[in-house]
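What's in coords35.csv: CSV, C-alpha atoms
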```csv
chain,number,residue,atom,x,y,z
A,26,MET,CA,2.3,-178.5,-87.0
A,27,LEU,CA,0.5,-175.8,-89.0
A,28,ARG,CA,-1.1,-174.4,-85.9
A,29,ASN,CA,2.3,-174.1,-84.1
A,30,LEU,CA,3.8,-172.5,-87.2
A,31,LEU,CA,0.9,-169.9,-87.3
A,32,ALA,CA,1.3,-169.2,-83.6
A,33,ILE,CA,5.0,-168.7,-84.1
A,34,LEU,CA,4.5,-166.4,-87.1
A,35,PHE,CA,1.8,-164.4,-85.2
A,36,GLY,CA,4.1,-164.0,-82.2
A,37,VAL,CA,6.8,-162.7,-84.4
A,38,ALA,CA,4.4,-160.3,-86.1
A,39,LEU,CA,3.5,-158.9,-82.7
A,40,THR,CA,7.1,-158.0,-82.0
A,41,LEU,CA,7.6,-156.1,-85.2
A,42,PRO,CA,7.6,-152.3,-84.9
A,43,ALA,CA,4.5,-150.5,-86.1
A,44,THR,CA,4.6,-148.8,-89.4
A,45,ALA,CA,3.0,-145.5,-90.3
A,46,ALA,CA,0.2,-147.3,-92.1
A,47,GLU,CA,-0.6,-149.1,-88.8
A,48,THR,CA,-0.3,-146.1,-86.5
A,49,ARG,CA,-3.5,-144.5,-85.2
A,50,GLY,CA,-4.3,-141.1,-86.6
A,51,VAL,CA,-1.8,-141.4,-89.4
A,52,THR,CA,-2.4,-142.1,-93.1
A,53,ASP,CA,-0.2,-141.6,-96.1
A,54,ASN,CA,-1.4,-138.0,-96.5
A,55,GLU,CA,-2.7,-136.9,-93.1
A,56,VAL,CA,-1.9,-136.9,-89.4
A,57,LEU,CA,-4.6,-136.2,-86.9
A,58,ILE,CA,-3.9,-134.0,-83.8
A,59,GLY,CA,-6.4,-133.2,-81.0
A,60,THR,CA,-6.8,-130.7,-78.2
A,61,TYR,CA,-9.3,-130.2,-75.4
A,62,THR,CA,-9.2,-126.7,-73.9
A,63,ASP,CA,-11.3,-123.9,-72.5
A,64,LEU,CA,-13.2,-122.1,-75.2
A,65,SER,CA,-16.1,-120.8,-73.1
A,66,GLY,CA,-15.2,-121.1,-69.4
A,67,VAL,CA,-13.3,-119.1,-66.8
A,68,THR,CA,-9.9,-119.5,-68.6
A,69,ALA,CA,-11.2,-119.0,-72.2
A,70,MET,CA,-8.9,-116.1,-72.8
A,71,TRP,CA,-6.1,-118.7,-72.6
A,72,GLY,CA,-7.7,-121.6,-74.3
A,73,VAL,CA,-9.1,-119.7,-77.3
A,74,ASN,CA,-5.9,-117.8,-78.1
A,75,ASN,CA,-3.7,-120.7,-77.5
A,76,SER,CA,-5.6,-123.1,-79.8
A,77,ASN,CA,-5.9,-120.3,-82.4
A,78,ALA,CA,-2.1,-120.1,-82.5
A,79,TRP,CA,-1.7,-123.9,-82.8
A,80,ARG,CA,-4.1,-123.9,-85.7
A,81,MET,CA,-2.2,-121.0,-87.3
A,82,VAL,CA,1.1,-123.0,-87.2
A,83,PHE,CA,-0.6,-126.1,-88.6
A,84,ASP,CA,-2.3,-124.1,-91.4
A,85,GLU,CA,1.0,-122.5,-92.3
A,86,THR,CA,2.6,-125.9,-92.4
A,87,ASN,CA,-0.2,-127.3,-94.5
A,88,ALA,CA,0.1,-124.4,-96.9
A,89,LYS,CA,3.7,-125.4,-97.5
A,90,GLY,CA,2.8,-129.0,-98.3
A,91,GLY,CA,2.5,-130.4,-94.8
A,92,VAL,CA,5.1,-132.5,-93.0
A,93,ASN,CA,6.8,-135.2,-94.9
A,94,GLY,CA,3.9,-135.3,-97.4
A,95,ARG,CA,1.2,-135.3,-94.7
A,96,LYS,CA,-1.3,-132.5,-94.0
A,97,ILE,CA,-2.2,-131.9,-90.3
A,98,LYS,CA,-5.8,-132.2,-89.4
A,99,TYR,CA,-6.5,-130.4,-86.1
A,100,ILE,CA,-9.6,-131.1,-83.9
A,101,VAL,CA,-10.3,-128.9,-80.8
A,102,GLU,CA,-12.9,-129.7,-78.1
A,103,ASP,CA,-14.2,-127.3,-75.5
A,104,ASN,CA,-13.7,-128.5,-71.9
A,105,GLN,CA,-14.9,-125.2,-70.2
A,106,TYR,CA,-12.1,-125.8,-67.7
A,107,GLN,CA,-14.1,-128.6,-66.1
A,108,ILE,CA,-12.9,-132.1,-65.4
A,109,PRO,CA,-16.0,-134.0,-66.5
A,110,ARG,CA,-16.1,-132.2,-69.8
A,111,SER,CA,-12.4,-132.9,-70.2
A,112,VAL,CA,-12.9,-136.6,-69.7
A,113,GLN,CA,-15.7,-136.6,-72.2
A,114,ALA,CA,-13.6,-134.6,-74.8
A,115,ALA,CA,-10.6,-136.8,-74.3
A,116,ASN,CA,-12.7,-140.0,-74.8
A,117,LYS,CA,-14.0,-138.6,-78.1
A,118,LEU,CA,-10.6,-137.6,-79.3
A,119,ILE,CA,-8.9,-140.8,-78.4
A,120,ASN,CA,-11.6,-143.4,-79.0
A,121,LYS,CA,-13.8,-141.9,-81.6
A,122,ASP,CA,-11.5,-139.6,-83.6
A,123,GLY,CA,-8.4,-141.8,-83.1
A,124,VAL,CA,-6.0,-138.9,-82.8
A,125,PHE,CA,-2.3,-139.6,-83.2
A,126,VAL,CA,-1.2,-137.2,-80.5
A,127,MET,CA,-2.8,-134.7,-78.1
A,128,VAL,CA,-1.4,-131.2,-77.7
A,129,ALA,CA,-2.2,-128.1,-75.6
A,130,ASN,CA,-4.8,-129.9,-73.3
A,131,GLY,CA,-6.0,-127.2,-70.9
A,132,GLY,CA,-5.8,-127.3,-67.1
A,133,THR,CA,-3.8,-129.1,-64.5
A,134,PRO,CA,-6.5,-131.2,-62.9
A,135,MET,CA,-8.0,-131.9,-66.3
A,136,ASN,CA,-4.8,-133.4,-67.7
A,137,ASN,CA,-4.2,-135.3,-64.5
A,138,ALA,CA,-7.6,-136.9,-64.8
A,139,THR,CA,-7.3,-137.9,-68.5
A,140,MET,CA,-3.7,-138.8,-68.9
A,141,PRO,CA,-3.8,-142.3,-67.5
A,142,GLU,CA,-6.2,-143.6,-70.2
A,143,GLN,CA,-4.5,-141.4,-72.8
A,144,LEU,CA,-1.0,-142.8,-72.1
A,145,ALA,CA,-2.4,-146.4,-71.9
A,146,LYS,CA,-3.7,-146.0,-75.4
A,147,GLY,CA,-0.3,-144.9,-76.6
A,148,VAL,CA,-1.3,-141.2,-77.3
A,149,ALA,CA,1.4,-138.8,-76.4
A,150,ASN,CA,0.5,-135.7,-74.2
A,151,VAL,CA,2.5,-132.8,-75.6
A,152,PHE,CA,2.9,-129.3,-74.3
A,153,PRO,CA,-0.4,-129.1,-72.3
A,154,LEU,CA,-1.7,-125.6,-71.4
A,155,THR,CA,-0.5,-125.9,-67.8
A,156,SER,CA,2.9,-125.6,-66.2
A,157,ALA,CA,2.3,-128.4,-63.7
A,158,ARG,CA,5.2,-130.8,-63.0
A,159,SER,CA,2.9,-133.8,-63.6
A,160,MET,CA,3.0,-132.9,-67.3
A,161,TYR,CA,6.5,-134.3,-67.5
A,162,GLU,CA,7.1,-136.0,-64.1
A,163,PRO,CA,7.3,-138.8,-63.3
A,164,PHE,CA,9.2,-139.4,-66.6
A,165,ASN,CA,7.1,-141.1,-69.3
A,166,HIS,CA,8.3,-141.3,-72.9
A,167,LEU,CA,4.8,-140.0,-74.0
A,168,LYS,CA,4.8,-136.8,-71.8
A,169,PHE,CA,6.4,-133.5,-72.9
A,170,GLY,CA,6.4,-130.2,-71.0
A,171,LEU,CA,7.2,-127.0,-72.8
A,172,ALA,CA,9.1,-124.8,-70.3
A,173,ALA,CA,9.6,-124.0,-66.6
A,174,SER,CA,6.9,-125.6,-64.4
A,175,TYR,CA,4.9,-123.7,-61.7
A,176,TYR,CA,7.2,-125.5,-59.3
A,177,ASP,CA,10.3,-124.2,-61.1
A,178,GLN,CA,8.9,-120.7,-61.4
A,179,MET,CA,8.0,-120.4,-57.7
A,180,ARG,CA,11.4,-121.8,-56.6
A,181,SER,CA,13.2,-119.3,-58.8
A,182,GLY,CA,11.0,-116.4,-57.6
A,183,VAL,CA,11.4,-117.2,-53.9
A,184,LYS,CA,15.2,-117.4,-54.4
A,185,VAL,CA,15.2,-113.9,-56.1
A,186,PHE,CA,13.0,-112.3,-53.4
A,187,VAL,CA,14.9,-113.8,-50.5
A,188,GLU,CA,18.3,-112.9,-51.9
A,189,GLN,CA,17.6,-109.6,-53.7
A,190,HIS,CA,14.5,-108.2,-51.9
A,191,HIS,CA,15.5,-109.6,-48.5
A,192,SER,CA,12.1,-111.1,-47.9
A,193,LYS,CA,12.0,-113.0,-44.6
A,194,ALA,CA,8.3,-113.2,-43.5
A,195,VAL,CA,6.9,-115.2,-46.5
A,196,CYS,CA,3.2,-116.0,-46.7
A,197,ALA,CA,1.0,-117.7,-49.3
A,198,MET,CA,-2.5,-117.6,-50.7
A,199,SER,CA,-3.4,-120.5,-53.1
A,200,GLU,CA,-6.2,-122.5,-54.6
A,201,ASP,CA,-6.9,-125.8,-52.8
A,202,THR,CA,-6.4,-127.7,-56.1
A,203,ASP,CA,-3.7,-129.8,-57.8
A,204,PHE,CA,-2.5,-126.6,-59.4
A,205,GLY,CA,-2.3,-124.6,-56.2
A,206,ARG,CA,-0.4,-127.5,-54.4
A,207,ASP,CA,2.1,-127.7,-57.2
A,208,VAL,CA,2.9,-124.0,-56.9
A,209,MET,CA,3.2,-124.2,-53.1
A,210,ASP,CA,5.5,-127.3,-53.3
A,211,GLY,CA,8.0,-125.1,-55.2
A,212,ALA,CA,7.7,-122.4,-52.6
A,213,ARG,CA,8.2,-124.7,-49.6
A,214,ASP,CA,11.1,-126.6,-51.2
A,215,GLN,CA,13.0,-123.4,-52.0
A,216,LEU,CA,12.2,-121.9,-48.6
A,217,LYS,CA,13.5,-125.1,-47.0
A,218,ALA,CA,16.7,-124.9,-49.1
A,219,MET,CA,17.2,-121.4,-47.7
A,220,ASN,CA,16.4,-122.3,-44.0
A,221,LEU,CA,13.0,-120.5,-44.1
A,222,LYS,CA,9.4,-121.6,-44.1
A,223,LEU,CA,5.9,-120.1,-44.7
A,224,ILE,CA,4.8,-118.1,-41.6
A,225,ALA,CA,1.1,-118.1,-42.7
A,226,GLU,CA,-1.0,-119.5,-45.5
A,227,THR,CA,-4.6,-119.5,-46.7
A,228,LEU,CA,-6.5,-121.8,-49.1
A,229,HIS,CA,-9.5,-121.1,-51.2
A,230,LYS,CA,-11.7,-122.5,-54.0
A,231,PRO,CA,-11.0,-121.3,-57.6
A,232,THR,CA,-14.6,-119.8,-57.6
A,233,ASP,CA,-14.2,-117.7,-54.4
A,234,THR,CA,-14.4,-113.9,-54.8
A,235,ASP,CA,-14.2,-112.5,-51.3
A,236,PHE,CA,-10.7,-112.5,-49.8
A,237,SER,CA,-11.0,-109.8,-47.2
A,238,ALA,CA,-10.7,-112.3,-44.3
A,239,SER,CA,-7.7,-114.1,-45.8
A,240,VAL,CA,-5.9,-110.8,-46.4
A,241,ALA,CA,-6.6,-109.7,-42.9
A,242,LYS,CA,-5.1,-112.9,-41.5
A,243,LEU,CA,-1.9,-112.5,-43.5
A,244,ARG,CA,-1.6,-108.9,-42.5
A,245,ASP,CA,-1.8,-109.9,-38.9
A,246,ALA,CA,1.1,-112.3,-39.5
A,247,ASN,CA,3.2,-109.3,-40.7
A,248,CYS,CA,4.1,-110.9,-44.0
A,249,ASP,CA,6.6,-109.0,-46.2
A,250,LEU,CA,5.9,-111.3,-49.3
A,251,ILE,CA,2.8,-113.1,-50.4
A,252,LEU,CA,3.1,-116.0,-52.9
A,253,LEU,CA,0.1,-116.6,-55.0
A,254,GLY,CA,-1.0,-120.1,-56.3
A,255,THR,CA,-3.8,-118.5,-58.3
A,256,ILE,CA,-5.0,-118.0,-61.8
A,257,VAL,CA,-6.3,-114.7,-63.4
A,258,ARG,CA,-9.8,-115.0,-62.0
A,259,ASP,CA,-8.8,-115.0,-58.3
A,260,THR,CA,-5.6,-113.0,-58.6
A,261,ILE,CA,-7.3,-109.7,-59.4
A,262,PRO,CA,-9.7,-109.7,-56.3
A,263,ILE,CA,-6.8,-110.8,-54.0
A,264,VAL,CA,-4.4,-108.0,-55.2
A,265,SER,CA,-7.3,-105.5,-55.1
A,266,ALA,CA,-8.2,-106.6,-51.5
A,267,VAL,CA,-4.6,-106.0,-50.4
A,268,ARG,CA,-4.4,-102.6,-52.1
A,269,LYS,CA,-7.8,-101.6,-50.7
A,270,ILE,CA,-6.4,-101.6,-47.1
A,271,ASP,CA,-3.3,-99.7,-48.2
A,272,TRP,CA,-1.0,-102.6,-47.5
A,273,ASN,CA,2.2,-102.3,-49.5
A,274,VAL,CA,3.3,-105.9,-49.1
A,275,GLU,CA,4.9,-107.5,-52.2
A,276,LEU,CA,2.9,-110.1,-54.1
A,277,LEU,CA,4.4,-112.7,-56.4
A,278,GLY,CA,2.5,-115.0,-58.8
A,279,GLN,CA,3.5,-117.4,-61.6
A,280,ALA,CA,2.6,-118.0,-65.3
A,281,ALA,CA,-1.1,-118.4,-64.6
A,282,THR,CA,-1.2,-114.8,-63.4
A,283,TYR,CA,0.9,-113.4,-66.2
A,284,ASP,CA,-1.9,-112.1,-68.4
A,285,GLU,CA,-2.7,-108.7,-69.7
A,286,THR,CA,-6.1,-108.9,-68.0
A,287,VAL,CA,-4.2,-108.8,-64.6
A,288,ALA,CA,-2.0,-105.9,-65.7
A,289,GLU,CA,-4.8,-103.8,-67.2
A,290,VAL,CA,-7.2,-103.7,-64.2
A,291,PRO,CA,-8.9,-100.3,-64.1
A,292,GLY,CA,-7.5,-97.9,-61.6
A,293,HIS,CA,-4.1,-99.6,-61.7
A,294,ALA,CA,-5.1,-101.9,-58.8
A,295,THR,CA,-2.4,-104.4,-59.7
A,296,GLU,CA,0.4,-101.9,-60.1
A,297,GLY,CA,3.6,-103.4,-58.6
A,298,PHE,CA,2.4,-107.0,-58.8
A,299,TYR,CA,5.1,-109.5,-59.7
A,300,SER,CA,5.0,-112.7,-61.6
A,301,MET,CA,7.3,-115.4,-62.8
A,302,THR,CA,6.9,-116.6,-66.4
A,303,PRO,CA,8.6,-119.3,-68.4
A,304,VAL,CA,8.7,-117.1,-71.5
A,305,LEU,CA,8.3,-113.3,-71.9
A,306,PHE,CA,5.2,-111.8,-73.6
A,307,VAL,CA,6.3,-109.8,-76.6
A,308,ALA,CA,3.9,-107.0,-77.6
A,309,ALA,CA,2.7,-106.7,-81.1
A,310,SER,CA,4.6,-103.4,-81.3
A,311,ASP,CA,7.9,-105.2,-80.9
A,312,PRO,CA,10.4,-104.1,-83.6
A,313,LYS,CA,11.6,-107.6,-84.6
A,314,PRO,CA,10.2,-108.3,-88.1
A,315,GLU,CA,9.3,-111.9,-87.3
A,316,VAL,CA,7.3,-110.9,-84.2
A,317,LYS,CA,5.6,-108.1,-86.1
A,318,ALA,CA,4.6,-110.5,-88.9
A,319,PHE,CA,3.2,-113.0,-86.4
A,320,ALA,CA,1.1,-110.4,-84.6
A,321,GLU,CA,-0.2,-108.9,-87.8
A,322,LYS,CA,-1.2,-112.3,-89.3
A,323,TYR,CA,-2.8,-113.4,-86.0
A,324,LYS,CA,-4.9,-110.3,-85.9
A,325,SER,CA,-5.9,-110.6,-89.5
A,326,LEU,CA,-7.0,-114.2,-88.9
A,327,PHE,CA,-8.7,-113.9,-85.5
A,328,GLY,CA,-9.7,-110.2,-85.2
A,329,LYS,CA,-7.6,-109.4,-82.2
A,330,GLU,CA,-4.0,-109.0,-81.2
A,331,PRO,CA,-2.3,-112.2,-79.8
A,332,ASN,CA,-2.0,-112.5,-76.1
A,333,PHE,CA,0.6,-114.5,-74.1
A,334,ALA,CA,-1.3,-117.8,-74.5
A,335,ALA,CA,-1.3,-117.3,-78.3
A,336,GLN,CA,2.5,-116.7,-78.2
A,337,LEU,CA,2.9,-120.0,-76.2
A,338,GLY,CA,0.8,-121.8,-78.7
A,339,TYR,CA,2.8,-120.5,-81.6
A,340,THR,CA,6.1,-121.6,-80.0
A,341,ALA,CA,4.8,-125.0,-79.0
A,342,GLY,CA,3.2,-125.7,-82.4
A,343,GLN,CA,6.4,-125.0,-84.2
A,344,LEU,CA,8.2,-127.4,-81.9
A,345,VAL,CA,5.7,-130.2,-82.6
A,346,VAL,CA,6.0,-129.6,-86.4
A,347,LEU,CA,9.8,-129.9,-86.0
A,348,GLY,CA,9.3,-133.1,-84.1
A,349,LEU,CA,7.1,-134.5,-86.9
A,350,GLN,CA,9.7,-133.5,-89.4
A,351,ASN,CA,12.5,-135.2,-87.5
A,352,ALA,CA,10.4,-138.3,-87.3
A,353,GLY,CA,10.7,-138.8,-91.0
A,354,LYS,CA,8.3,-140.3,-93.5
A,355,ASP,CA,7.6,-143.5,-91.5
A,356,LEU,CA,5.6,-141.7,-88.8
A,357,THR,CA,4.9,-143.8,-85.7
A,358,THR,CA,4.6,-142.8,-82.0
A,359,ASP,CA,8.1,-144.0,-81.4
A,360,SER,CA,9.6,-142.1,-84.3
A,361,PHE,CA,7.7,-138.9,-83.2
A,362,VAL,CA,9.1,-139.2,-79.7
A,363,ALA,CA,12.6,-139.8,-81.1
A,364,GLY,CA,12.0,-136.7,-83.3
A,365,MET,CA,11.1,-134.5,-80.4
A,366,GLU,CA,14.2,-135.8,-78.5
A,367,LYS,CA,16.4,-134.6,-81.3
A,368,ILE,CA,15.5,-131.0,-80.7
A,369,LYS,CA,18.5,-129.2,-79.1
A,370,ASP,CA,19.0,-125.5,-78.3
A,371,TRP,CA,15.9,-124.4,-80.3
A,372,HIS,CA,15.1,-120.7,-80.1
A,373,ASP,CA,11.7,-119.2,-80.8
A,374,ILE,CA,11.0,-115.7,-82.2
A,375,PHE,CA,10.0,-114.2,-78.8
A,376,GLY,CA,13.3,-114.5,-77.0
A,377,SER,CA,12.4,-117.5,-74.8
A,378,PRO,CA,15.0,-119.6,-73.1
A,379,PRO,CA,16.5,-122.2,-75.5
A,380,MET,CA,14.5,-125.4,-75.7
A,381,SER,CA,16.1,-128.9,-75.6
A,382,PHE,CA,14.9,-132.4,-75.2
A,383,SER,CA,16.5,-135.8,-74.8
A,384,ALA,CA,15.8,-139.4,-74.1
A,385,THR,CA,15.9,-138.6,-70.4
A,386,LYS,CA,14.6,-135.1,-70.4
A,387,HIS,CA,11.2,-134.1,-71.7
A,388,GLN,CA,11.0,-130.5,-70.3
A,389,GLY,CA,12.2,-127.9,-72.8
A,390,SER,CA,13.5,-125.4,-70.2
A,391,ASN,CA,13.3,-124.9,-66.4
A,392,GLU,CA,14.3,-121.2,-66.3
A,393,SER,CA,11.9,-118.3,-65.9
A,394,PHE,CA,11.7,-114.5,-66.0
A,395,LEU,CA,10.6,-112.1,-63.3
A,396,CYS,CA,8.1,-109.4,-64.4
A,397,VAL,CA,6.2,-106.6,-62.7
A,398,VAL,CA,3.1,-104.5,-63.6
A,399,LYS,CA,4.0,-100.9,-64.5
A,400,ALA,CA,1.5,-98.5,-65.9
A,401,GLY,CA,-0.8,-101.3,-66.9
A,402,LYS,CA,1.8,-103.3,-68.7
A,403,TRP,CA,4.0,-106.3,-67.8
A,404,VAL,CA,7.7,-105.2,-67.7
A,405,PRO,CA,10.5,-107.6,-67.3
A,406,ILE,CA,12.9,-107.0,-64.4
A,407,SER,CA,15.6,-108.6,-66.5
A,408,THR,CA,15.8,-110.0,-70.0
A,409,SER,CA,17.9,-112.9,-68.5
A,410,PRO,CA,15.9,-115.8,-67.0
A,411,PHE,CA,16.4,-117.0,-63.4
A,412,GLY,CA,17.0,-120.6,-62.1
A,413,TYR,CA,17.3,-121.9,-58.6
```
Could you quickly redo this structure as structure tokens?
Amino acid sequence: MLRNLLAILFGVALTLPATAAETRGVTDNEVLIGTYTDLSGVTAMWGVNNSNAWRMVFDETNAKGGVNGRKIKYIVEDNQYQIPRSVQAANKLINKDGVFVMVANGGTPMNNATMPEQLAKGVANVFPLTSARSMYEPFNHLKFGLAASYYDQMRSGVKVFVEQHHSKAVCAMSEDTDFGRDVMDGARDQLKAMNLKLIAETLHKPTDTDFSASVAKLRDANCDLILLGTIVRDTIPIVSAVRKIDWNVELLGQAATYDETVAEVPGHATEGFYSMTPVLFVAASDPKPEVKAFAEKYKSLFGKEPNFAAQLGYTAGQLVVLGLQNAGKDLTTDSFVAGMEKIKDWHDIFGSPPMSFSATKHQGSNESFLCVVKAGKWVPISTSPFGY
């Protein structure tokens, strides 16, 4: 009889919701948040600045007393933009450090490799530093994407160029990776919706540097638009190779190419290069007081002006803090998810599209802006975002 009673009581206990005291990474006075990102590899200009801005938000929050009485402890691991290092870092953060949630994890293939175990352990993956659709699709209550995905960006961009630039002979150059395929899925789906298709395409490794043969192939195909599924490192030599042969074809990238490094190439080699971006980069010279204050504080803390990745981190960090606030004092994974889902029409200080989440939608926005390089700077074609 006693054994049966204990079994019944134990079974009931298993069905009770977790309390904050029983939630991993949460104590009465602290919540532990982790990140793996590139601090020393090929995308370090993104990972370093982005994680700096997250830390800035958390430090500002802690200086005001924390969230519902808890200070945020933030742990960042270097993945060098490599899958094995990401797996190692994720294992440390999840199984050794016992983080409550992971944010800003860097890289599409890296997130795809680590998310299965992460989600199985009940650790949410929030606003990773990638715009891949797999960050929020298929839907999982523990996955949150910040803004327009690479897929969304490329669909919107193709629509703009076909309708407004009258592009007809569309080609593509992309990395032969999960990231590159995600970008090209958006291109193909939008072209199909407009009764068009790619007339030529080339694939390459992220580490390739010589693109003369690929460019020659696309020129022979008489392309009038080249879509790029590339990041900063391969974008610059591709655009330079096109300009070197005096080919005035239009080139369109996405958020992974929207970086000042691309715009500021010596000799203006990237002049006229287009990119879609989920949010606009706002320069430190922007007259808005809140933007100026952010830029000045960031520079004072880290010794340099914030780049686009830092801006993304500041916006994303503020949303996570709001989600923690909405979760209330009894912080659990479920209450945090519910807290994020309460965010509606939230505007950041940079003029990004409004961010909203719900129980069925974990992507903040799917609109994006079209920008072009002019005189070494990114200039928006319109301050209104595009959809598809």
Leaving out segment 282-296 of chain A and any residue of its chain fewer than 2 positions from it, which residues lie within 9 Å of it when counting only C-alpha atoms, given as an NGL selection string?
:A and (71 or 253-258 or 260-261 or 264-265 or 268-269 or 278-280 or 298-302 or 306 or 332-334 or 396-403)
Do you have, as a tab-separated table, the list of residues of segment 123-167 of chain A lying at most 8 Å from segment 201-222 of chain A, each with its nearest atom pair and that distance in Å to one decimal, counting only C-alpha atoms and ordered by chain then number?
```
residue	atom	partner	partner_atom	distance
A:Thr133	CA	A:Phe204	CA	5.8
A:Pro134	CA	A:Asp203	CA	6.0
A:Ala157	CA	A:Asp207	CA	6.5
A:Arg158	CA	A:Asp207	CA	7.3
```
Could you write those residues out with C-alpha atoms, as a compact mmCIF listing (two decimals), keeping the file's coordinate frame?
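Written file, again.txt:
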```
# COMPACT_ATOMS: atom_id res chain seq x y z
CA THR A 133 -3.80 -129.10 -64.50
CA PRO A 134 -6.50 -131.20 -62.90
CA ALA A 157 2.30 -128.40 -63.70
CA ARG A 158 5.20 -130.80 -63.00
```
Identify, on the basis of only C-alpha atoms, every residue whose closest approach to Gly147 of chain A does not exceed 9 Å; exclude the query and any residue fewer than 2 positions from it along the same chain; express the result as a compact mmCIF listing (two decimals) with C-alpha atoms, in the frame of the given file.
```
# COMPACT_ATOMS: atom_id res chain seq x y z
CA PHE A 125 -2.30 -139.60 -83.20
CA VAL A 126 -1.20 -137.20 -80.50
CA GLU A 142 -6.20 -143.60 -70.20
CA GLN A 143 -4.50 -141.40 -72.80
CA LEU A 144 -1.00 -142.80 -72.10
CA ALA A 145 -2.40 -146.40 -71.90
CA ALA A 149 1.40 -138.80 -76.40
CA LEU A 167 4.80 -140.00 -74.00
CA THR A 358 4.60 -142.80 -82.00
```
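The two atoms in question, atom CA of Trp272 of chain A and atom CA of Ala225 of chain A, are spaced 16.4 Å apart.
Across the model, the gap from atom CA of Gly123 of chain A to atom CA of Arg49 of chain A is 6.0 Å.
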For Gln350 of chain A, please output as an mmCIF file with C-alpha atoms, keeping the file's coordinate frame all residues within 6 Å (counting all atoms listed in the file; exclusion window: fewer than 3 positions along the same chain).
```cif
data_model
loop_
_atom_site.group_PDB
_atom_site.id
_atom_site.type_symbol
_atom_site.label_atom_id
_atom_site.label_comp_id
_atom_site.auth_asym_id
_atom_site.auth_seq_id
_atom_site.Cartn_x
_atom_site.Cartn_y
_atom_site.Cartn_z
ATOM 1 C CA VAL A 92 5.100 -132.500 -93.000
ATOM 2 C CA LEU A 347 9.800 -129.900 -86.000
ATOM 3 C CA GLY A 353 10.700 -138.800 -91.000
#
```
Rounded to one decimal place, report the atom CA of Glu321 of chain A-atom CA of Leu305 of chain A distance in Å.
18.6 Å
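Residue nearest Lys117 of chain A within the list A:Val187, A:Ile270, A:Ile100, A:Val346: A:Ile100 [criterion: smallest interatomic distance, only C-alpha atoms].
Residues in contact with Ala238 of chain A at up to 12 Å, not including ones fewer than 4 positions away on its chain and judged by all atoms listed in the file, are A:Met198, A:Thr227, A:Leu228, A:His229, A:Asp233, A:Thr234, A:Lys242, A:Leu243, A:Arg244, A:Asp245, A:Ile263, A:Ala266, A:Val267, A:Ile270.
Counting only C-alpha atoms and comparing A:Gly59, A:Gly297, A:Gly170, A:Pro109, the residue that lies closest to Gln388 of chain A is A:Gly170.
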Counting only C-alpha atoms, the option among A:Lys329, A:Pro405, A:Phe382, A:Asp235 closest to Val307 of chain A
A:Pro405
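The closest residue to Val56 of chain A, picked from A:Lys354, A:Lys89, A:Arg180, A:Lys369 and counting all atoms listed in the file, is A:Lys354.
When only C-alpha atoms are used to compute distances to Ser377 of chain A, the closest of the residues A:Ile58, A:Val73, A:Val404, A:Ala341 turns out to be A:Ala341.
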Counting only C-alpha atoms, which residues have an atom no more than 12 Å from (6.0, -119.7, -77.7) in the file's coordinates? Please list them as a PyMOL selection string.
chain A and resi 75+78-79+82+129+152+154+171-172+302-307+316+319+331-345+371-380+389
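Among A:Asn74, A:Glu55, A:Ser159, A:Pro262, the residue with the shortest atom-to-atom distance to Phe327 of chain A, counting only C-alpha atoms, is A:Asn74.
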